[in-house]
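*Asks:* Here it is: the structure, laid out below.
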Amino acid sequence: METEIKQEQQVKQVAQLIAEADALMINTGAGMGVDSGLGTFRGRHAGVWPPLKELDMDYTDICDPCWFKEDPPLGWAFWHFCWKAYTESKPHRGYELLRDWAKDTPLGSFFFTSNIDGHWTRVGVPDSQLEECHGVVSWLQCARPCCEEIWPTPDLNHLELDEQGHRITNELPKCIRCGELARPAILMFGDWLYSGSDRERAATRARRDWEEDLARQPNEPNLVVVELGAGTTVPTVRYQSEKTVSCFPKASLVRINLDQPQIPRSVLEAHPQSISLAMGALDACQAIEKAMADLKGQQ
């Protein structure tokens, strides 16, 4: 009961922070997709590709560019599964709530994600406000690569899977330039062949420009960074959240994570208004939305 009361108070505090924010940054990791039916790579909701257990592999083994050289049908069997899972799933209501909160901030907003599902684009977040730091399944690149060019992923439903061998049996996607094997434009583990792209570099520039614009404001901006579902094993999103907050004295970090909501002491000392919520992404968003509606009703 005590825990529930404390959580309710924290949700109200988060609602107040967002309601008073000059700018909002939304940072998301794999846990954001759980309520859309997607598995995480580790933890209580782990479950990326069912055959991994039979193949005696884990996510870090299969998410390696080596398979496009050593066993392309296996590599594409995994990524075909991911493409179908991500493109057929529907972004949950939390995406729309976060998008709408971001629209209301006077100094604008930015979205940063390590997720490769493309869900932010599907709820209408423009490329100019979105950085997908690990790439996205909706783009392909040359597996060699022969160039840095990326292109939209075509419909992959024609790929045929051998359910016993866990490999694609028909022709694999080809590079539009050299005609050799293509692969997803996704940053994998130990990936020296990830091409990056002008699209990704433009996204990084857009984020930095937005941060610089905030820093040039005549009055110190009240920036709120809301982070959801970002774990510690590959802490890219958590580091980005903490780095951004550290650049703005009045900034607050809201860390929403069911299992790992802790905020480092150094961040709390510099930004004592920061809050951690041990909740799932959708539950947290809905609770915060209700608390924000209550705030408006009191005004």
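Just remember, in the structure tokens the first chain shown is A, the second B, etc., residues are 1-based per chain, and ligands are 1-based in the order shown.
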Using only C-alpha atoms, find each residue in segment 56-119 of chain A having at least one atom no more than 8 Å away from segment 135-145 of chain A; report its shortest atom-to-atom pair and that distance in Å (one decimal), rows by chain then rising number, as JSON lines.
*Replies:*
```
{"residue": "A:Phe68", "atom": "CA", "partner": "A:Ala143", "partner_atom": "CA", "distance": 6.8}
{"residue": "A:Cys82", "atom": "CA", "partner": "A:Val137", "partner_atom": "CA", "distance": 7.9}
{"residue": "A:Trp83", "atom": "CA", "partner": "A:Val137", "partner_atom": "CA", "distance": 6.0}
{"residue": "A:Tyr86", "atom": "CA", "partner": "A:Val137", "partner_atom": "CA", "distance": 7.8}
{"residue": "A:Ser114", "atom": "CA", "partner": "A:Gly135", "partner_atom": "CA", "distance": 7.7}
{"residue": "A:Asn115", "atom": "CA", "partner": "A:Val136", "partner_atom": "CA", "distance": 7.3}
{"residue": "A:Ile116", "atom": "CA", "partner": "A:Val136", "partner_atom": "CA", "distance": 4.0}
{"residue": "A:Asp117", "atom": "CA", "partner": "A:Val136", "partner_atom": "CA", "distance": 6.0}
{"residue": "A:Gly118", "atom": "CA", "partner": "A:Val136", "partner_atom": "CA", "distance": 6.0}
```
*Asks:* Give me, as a list in words, all polymer residues having an atom no more than 9 Å from segment 206-222 of chain A, counting only C-alpha atoms and skipping those fewer than 5 positions away in the same chain.
*Replies:*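 Neighbouring residues, sequence-local ones excluded: Leu17, Glu20, Ala21, Asp22, Ala23, Leu24, Leu107, Gly108, Ser109, Phe110, Phe111, Phe112, Ser128, Gln129, Leu130, Glu131, Arg201, Thr244, Cys247, Phe248, Pro249, Lys250, Ala251 and Ser252 of chain A.
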*Asks:* Deliver the residues from the most recent selection as a file, using N, CA, C and O atoms, as an mmCIF file, in the first residue's frame.
*Replies:*
```cif
data_model
loop_
_atom_site.group_PDB
_atom_site.id
_atom_site.type_symbol
_atom_site.label_atom_id
_atom_site.label_comp_id
_atom_site.auth_asym_id
_atom_site.auth_seq_id
_atom_site.Cartn_x
_atom_site.Cartn_y
_atom_site.Cartn_z
ATOM 1 N N LEU A 17 5.905 18.081 -13.876
ATOM 2 C CA LEU A 17 7.121 18.405 -14.631
ATOM 3 C C LEU A 17 6.817 18.575 -16.122
ATOM 4 O O LEU A 17 7.268 19.536 -16.751
ATOM 5 N N GLU A 20 4.807 21.695 -17.015
ATOM 6 C CA GLU A 20 5.553 22.943 -16.892
ATOM 7 C C GLU A 20 6.792 22.991 -17.780
ATOM 8 O O GLU A 20 7.545 23.969 -17.763
ATOM 9 N N ALA A 21 7.029 21.950 -18.570
ATOM 10 C CA ALA A 21 8.241 21.867 -19.381
ATOM 11 C C ALA A 21 8.262 22.896 -20.512
ATOM 12 O O ALA A 21 7.250 23.135 -21.158
ATOM 13 N N ASP A 22 9.427 23.500 -20.725
ATOM 14 C CA ASP A 22 9.635 24.347 -21.899
ATOM 15 C C ASP A 22 9.953 23.487 -23.119
ATOM 16 O O ASP A 22 9.651 23.863 -24.255
ATOM 17 N N ALA A 23 10.614 22.363 -22.873
ATOM 18 C CA ALA A 23 11.020 21.454 -23.954
ATOM 19 C C ALA A 23 10.999 20.032 -23.424
ATOM 20 O O ALA A 23 11.186 19.799 -22.221
ATOM 21 N N LEU A 24 10.781 19.103 -24.333
ATOM 22 C CA LEU A 24 10.652 17.698 -23.934
ATOM 23 C C LEU A 24 11.510 16.841 -24.857
ATOM 24 O O LEU A 24 11.475 16.995 -26.075
ATOM 25 N N LEU A 107 9.238 25.219 -26.554
ATOM 26 C CA LEU A 107 10.554 25.211 -27.209
ATOM 27 C C LEU A 107 10.815 23.929 -27.981
ATOM 28 O O LEU A 107 11.938 23.628 -28.368
ATOM 29 N N GLY A 108 9.775 23.173 -28.219
ATOM 30 C CA GLY A 108 9.897 22.011 -29.082
ATOM 31 C C GLY A 108 10.343 20.741 -28.380
ATOM 32 O O GLY A 108 10.482 20.686 -27.157
ATOM 33 N N SER A 109 10.570 19.721 -29.185
ATOM 34 C CA SER A 109 10.846 18.393 -28.641
ATOM 35 C C SER A 109 11.734 17.610 -29.589
ATOM 36 O O SER A 109 11.912 17.976 -30.754
ATOM 37 N N PHE A 110 12.291 16.522 -29.046
ATOM 38 C CA PHE A 110 13.094 15.626 -29.868
ATOM 39 C C PHE A 110 12.928 14.204 -29.337
ATOM 40 O O PHE A 110 12.718 13.998 -28.139
ATOM 41 N N PHE A 111 13.024 13.233 -30.257
ATOM 42 C CA PHE A 111 12.842 11.822 -29.918
ATOM 43 C C PHE A 111 14.130 11.070 -30.262
ATOM 44 O O PHE A 111 14.650 11.181 -31.378
ATOM 45 N N PHE A 112 14.620 10.299 -29.299
ATOM 46 C CA PHE A 112 15.853 9.520 -29.479
ATOM 47 C C PHE A 112 15.545 8.081 -29.094
ATOM 48 O O PHE A 112 15.004 7.821 -28.013
ATOM 49 N N SER A 128 12.767 15.070 -38.844
ATOM 50 C CA SER A 128 13.528 16.213 -38.336
ATOM 51 C C SER A 128 13.570 16.263 -36.810
ATOM 52 O O SER A 128 14.333 17.044 -36.233
ATOM 53 N N GLN A 129 12.748 15.433 -36.154
ATOM 54 C CA GLN A 129 12.726 15.406 -34.687
ATOM 55 C C GLN A 129 13.013 14.012 -34.143
ATOM 56 O O GLN A 129 12.715 13.723 -32.986
ATOM 57 N N LEU A 130 13.650 13.160 -34.955
ATOM 58 C CA LEU A 130 13.814 11.762 -34.566
ATOM 59 C C LEU A 130 15.204 11.250 -34.917
ATOM 60 O O LEU A 130 15.663 11.382 -36.054
ATOM 61 N N GLU A 131 15.864 10.648 -33.910
ATOM 62 C CA GLU A 131 17.133 9.966 -34.147
ATOM 63 C C GLU A 131 16.986 8.498 -33.745
ATOM 64 O O GLU A 131 16.743 8.199 -32.573
ATOM 65 N N ARG A 201 23.155 10.601 -40.207
ATOM 66 C CA ARG A 201 23.973 11.767 -39.857
ATOM 67 C C ARG A 201 23.108 13.024 -39.759
ATOM 68 O O ARG A 201 23.338 13.877 -38.898
ATOM 69 N N THR A 244 22.327 14.538 -21.895
ATOM 70 C CA THR A 244 21.510 15.707 -22.232
ATOM 71 C C THR A 244 21.117 16.486 -20.988
ATOM 72 O O THR A 244 21.223 17.717 -20.945
ATOM 73 N N CYS A 247 23.663 18.886 -19.466
ATOM 74 C CA CYS A 247 23.970 20.128 -20.183
ATOM 75 C C CYS A 247 23.052 21.291 -19.806
ATOM 76 O O CYS A 247 23.300 22.431 -20.233
ATOM 77 N N PHE A 248 22.000 21.010 -19.032
ATOM 78 C CA PHE A 248 21.008 22.040 -18.716
ATOM 79 C C PHE A 248 20.728 22.039 -17.216
ATOM 80 O O PHE A 248 20.129 21.090 -16.691
ATOM 81 N N PRO A 249 21.137 23.084 -16.502
ATOM 82 C CA PRO A 249 21.000 23.121 -15.039
ATOM 83 C C PRO A 249 19.584 22.892 -14.519
ATOM 84 O O PRO A 249 19.390 22.291 -13.468
ATOM 85 N N LYS A 250 18.575 23.343 -15.272
ATOM 86 C CA LYS A 250 17.186 23.196 -14.805
ATOM 87 C C LYS A 250 16.502 21.930 -15.344
ATOM 88 O O LYS A 250 15.312 21.733 -15.119
ATOM 89 N N ALA A 251 17.262 21.079 -16.007
ATOM 90 C CA ALA A 251 16.673 19.883 -16.615
ATOM 91 C C ALA A 251 16.304 18.835 -15.565
ATOM 92 O O ALA A 251 16.870 18.792 -14.472
ATOM 93 N N SER A 252 15.334 17.987 -15.923
ATOM 94 C CA SER A 252 14.908 16.871 -15.081
ATOM 95 C C SER A 252 14.930 15.600 -15.914
ATOM 96 O O SER A 252 14.604 15.615 -17.101
#
```
*Asks:* Just the residues within 12 Å of Ala19 of chain A, please, counting only C-alpha atoms, with nothing from its chain fewer than 3 positions along; format it as a PDB file with C-alpha atoms, in the first residue's frame.
*Replies:*
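Dumped everything to around_30.pdb:
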```pdb
ATOM      1  CA  LYS A  12       1.699  13.354 -10.081  1.00  0.00           C
ATOM      2  CA  GLN A  13       5.162  14.911  -9.835  1.00  0.00           C
ATOM      3  CA  VAL A  14       6.019  13.687 -13.335  1.00  0.00           C
ATOM      4  CA  ALA A  15       2.753  15.110 -14.665  1.00  0.00           C
ATOM      5  CA  GLN A  16       3.637  18.470 -13.107  1.00  0.00           C
ATOM      6  CA  ASP A  22       9.635  24.347 -21.899  1.00  0.00           C
ATOM      7  CA  ALA A  23      11.020  21.454 -23.954  1.00  0.00           C
ATOM      8  CA  LEU A  24      10.652  17.698 -23.934  1.00  0.00           C
ATOM      9  CA  ASP A 100       0.985  14.774 -28.018  1.00  0.00           C
ATOM     10  CA  TRP A 101       2.753  15.948 -24.850  1.00  0.00           C
ATOM     11  CA  ALA A 102       5.784  16.814 -26.970  1.00  0.00           C
ATOM     12  CA  LYS A 103       3.677  18.911 -29.352  1.00  0.00           C
ATOM     13  CA  ASP A 104       2.550  21.160 -26.508  1.00  0.00           C
ATOM     14  CA  THR A 105       6.017  22.314 -25.387  1.00  0.00           C
ATOM     15  CA  PRO A 106       6.900  25.931 -26.321  1.00  0.00           C
ATOM     16  CA  ASN A 222      13.067  23.874 -18.211  1.00  0.00           C
ATOM     17  CA  LEU A 223      13.904  20.703 -20.150  1.00  0.00           C
ATOM     18  CA  VAL A 224      12.353  17.369 -19.177  1.00  0.00           C
ATOM     19  CA  ILE A 288       0.677  10.345 -16.219  1.00  0.00           C
ATOM     20  CA  GLU A 289      -1.992  11.344 -18.748  1.00  0.00           C
ATOM     21  CA  ALA A 291      -2.648  12.963 -13.600  1.00  0.00           C
ATOM     22  CA  MET A 292      -2.172  15.717 -16.199  1.00  0.00           C
ATOM     23  CA  ALA A 293      -5.914  15.771 -16.861  1.00  0.00           C
ATOM     24  CA  ASP A 294      -6.499  16.131 -13.098  1.00  0.00           C
ATOM     25  CA  LEU A 295      -4.031  19.037 -13.013  1.00  0.00           C
ATOM     26  CA  LYS A 296      -5.901  20.831 -15.798  1.00  0.00           C
ATOM     27  CA  GLN A 299      -6.732  25.094 -12.824  1.00  0.00           C
TER      28      GLN A 299
END
```
*Asks:* For segment 148-162 of chain A, work out the shell of residues within 10 Å, counting only C-alpha atoms and skipping chain neighbours fewer than 4 positions away, then give it as a ChimeraX atom specification.
*Replies:* /A:73-74,76-77,80-81,83-84,136-142,166-173,175-177,182-185,193-199
*Asks:* Could you write out, as JSON, numbers by chain, all the residues of segment 106-171 of chain A that DSSP marks as strand (DSSP E or B)?
*Replies:* {"A": [109, 110, 111, 112, 113, 130, 131, 132, 135, 136, 137, 138, 139, 140, 141, 142, 150, 151, 152, 161, 162, 167, 168]}
*Asks:* Produce a file of the selected residues containing C-alpha atoms, as a compact mmCIF listing (two decimals), in the first residue's frame.
*Replies:*
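In the end it all went to out_33.txt:
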```txt
# COMPACT_ATOMS: atom_id res chain seq x y z
CA SER A 109 10.85 18.39 -28.64
CA PHE A 110 13.09 15.63 -29.87
CA PHE A 111 12.84 11.82 -29.92
CA PHE A 112 15.85 9.52 -29.48
CA THR A 113 15.54 5.73 -29.67
CA LEU A 130 13.81 11.76 -34.57
CA GLU A 131 17.13 9.97 -34.15
CA GLU A 132 17.08 6.15 -34.47
CA GLY A 135 18.95 2.13 -37.54
CA VAL A 136 15.51 0.81 -38.47
CA VAL A 137 14.15 -2.28 -40.26
CA SER A 138 12.50 -0.19 -42.94
CA TRP A 139 15.88 0.44 -44.64
CA LEU A 140 18.43 -1.87 -46.31
CA GLN A 141 22.11 -1.51 -47.21
CA CYS A 142 24.70 -3.49 -49.13
CA ILE A 150 20.50 2.86 -48.00
CA TRP A 151 17.09 2.27 -49.57
CA PRO A 152 13.57 1.44 -48.36
CA LEU A 161 11.41 -20.18 -44.38
CA ASP A 162 12.51 -23.76 -43.76
CA ARG A 167 16.85 -20.68 -42.98
CA ILE A 168 15.43 -18.81 -45.95
```
*Asks:* Report the distance between atom CA of Ala203 of chain A and atom CA of Leu187 of chain A in Å, rounded to one decimal place.
*Replies:*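 One can read the atom CA of Ala203 of chain A to atom CA of Leu187 of chain A distance as 15.2 Å.
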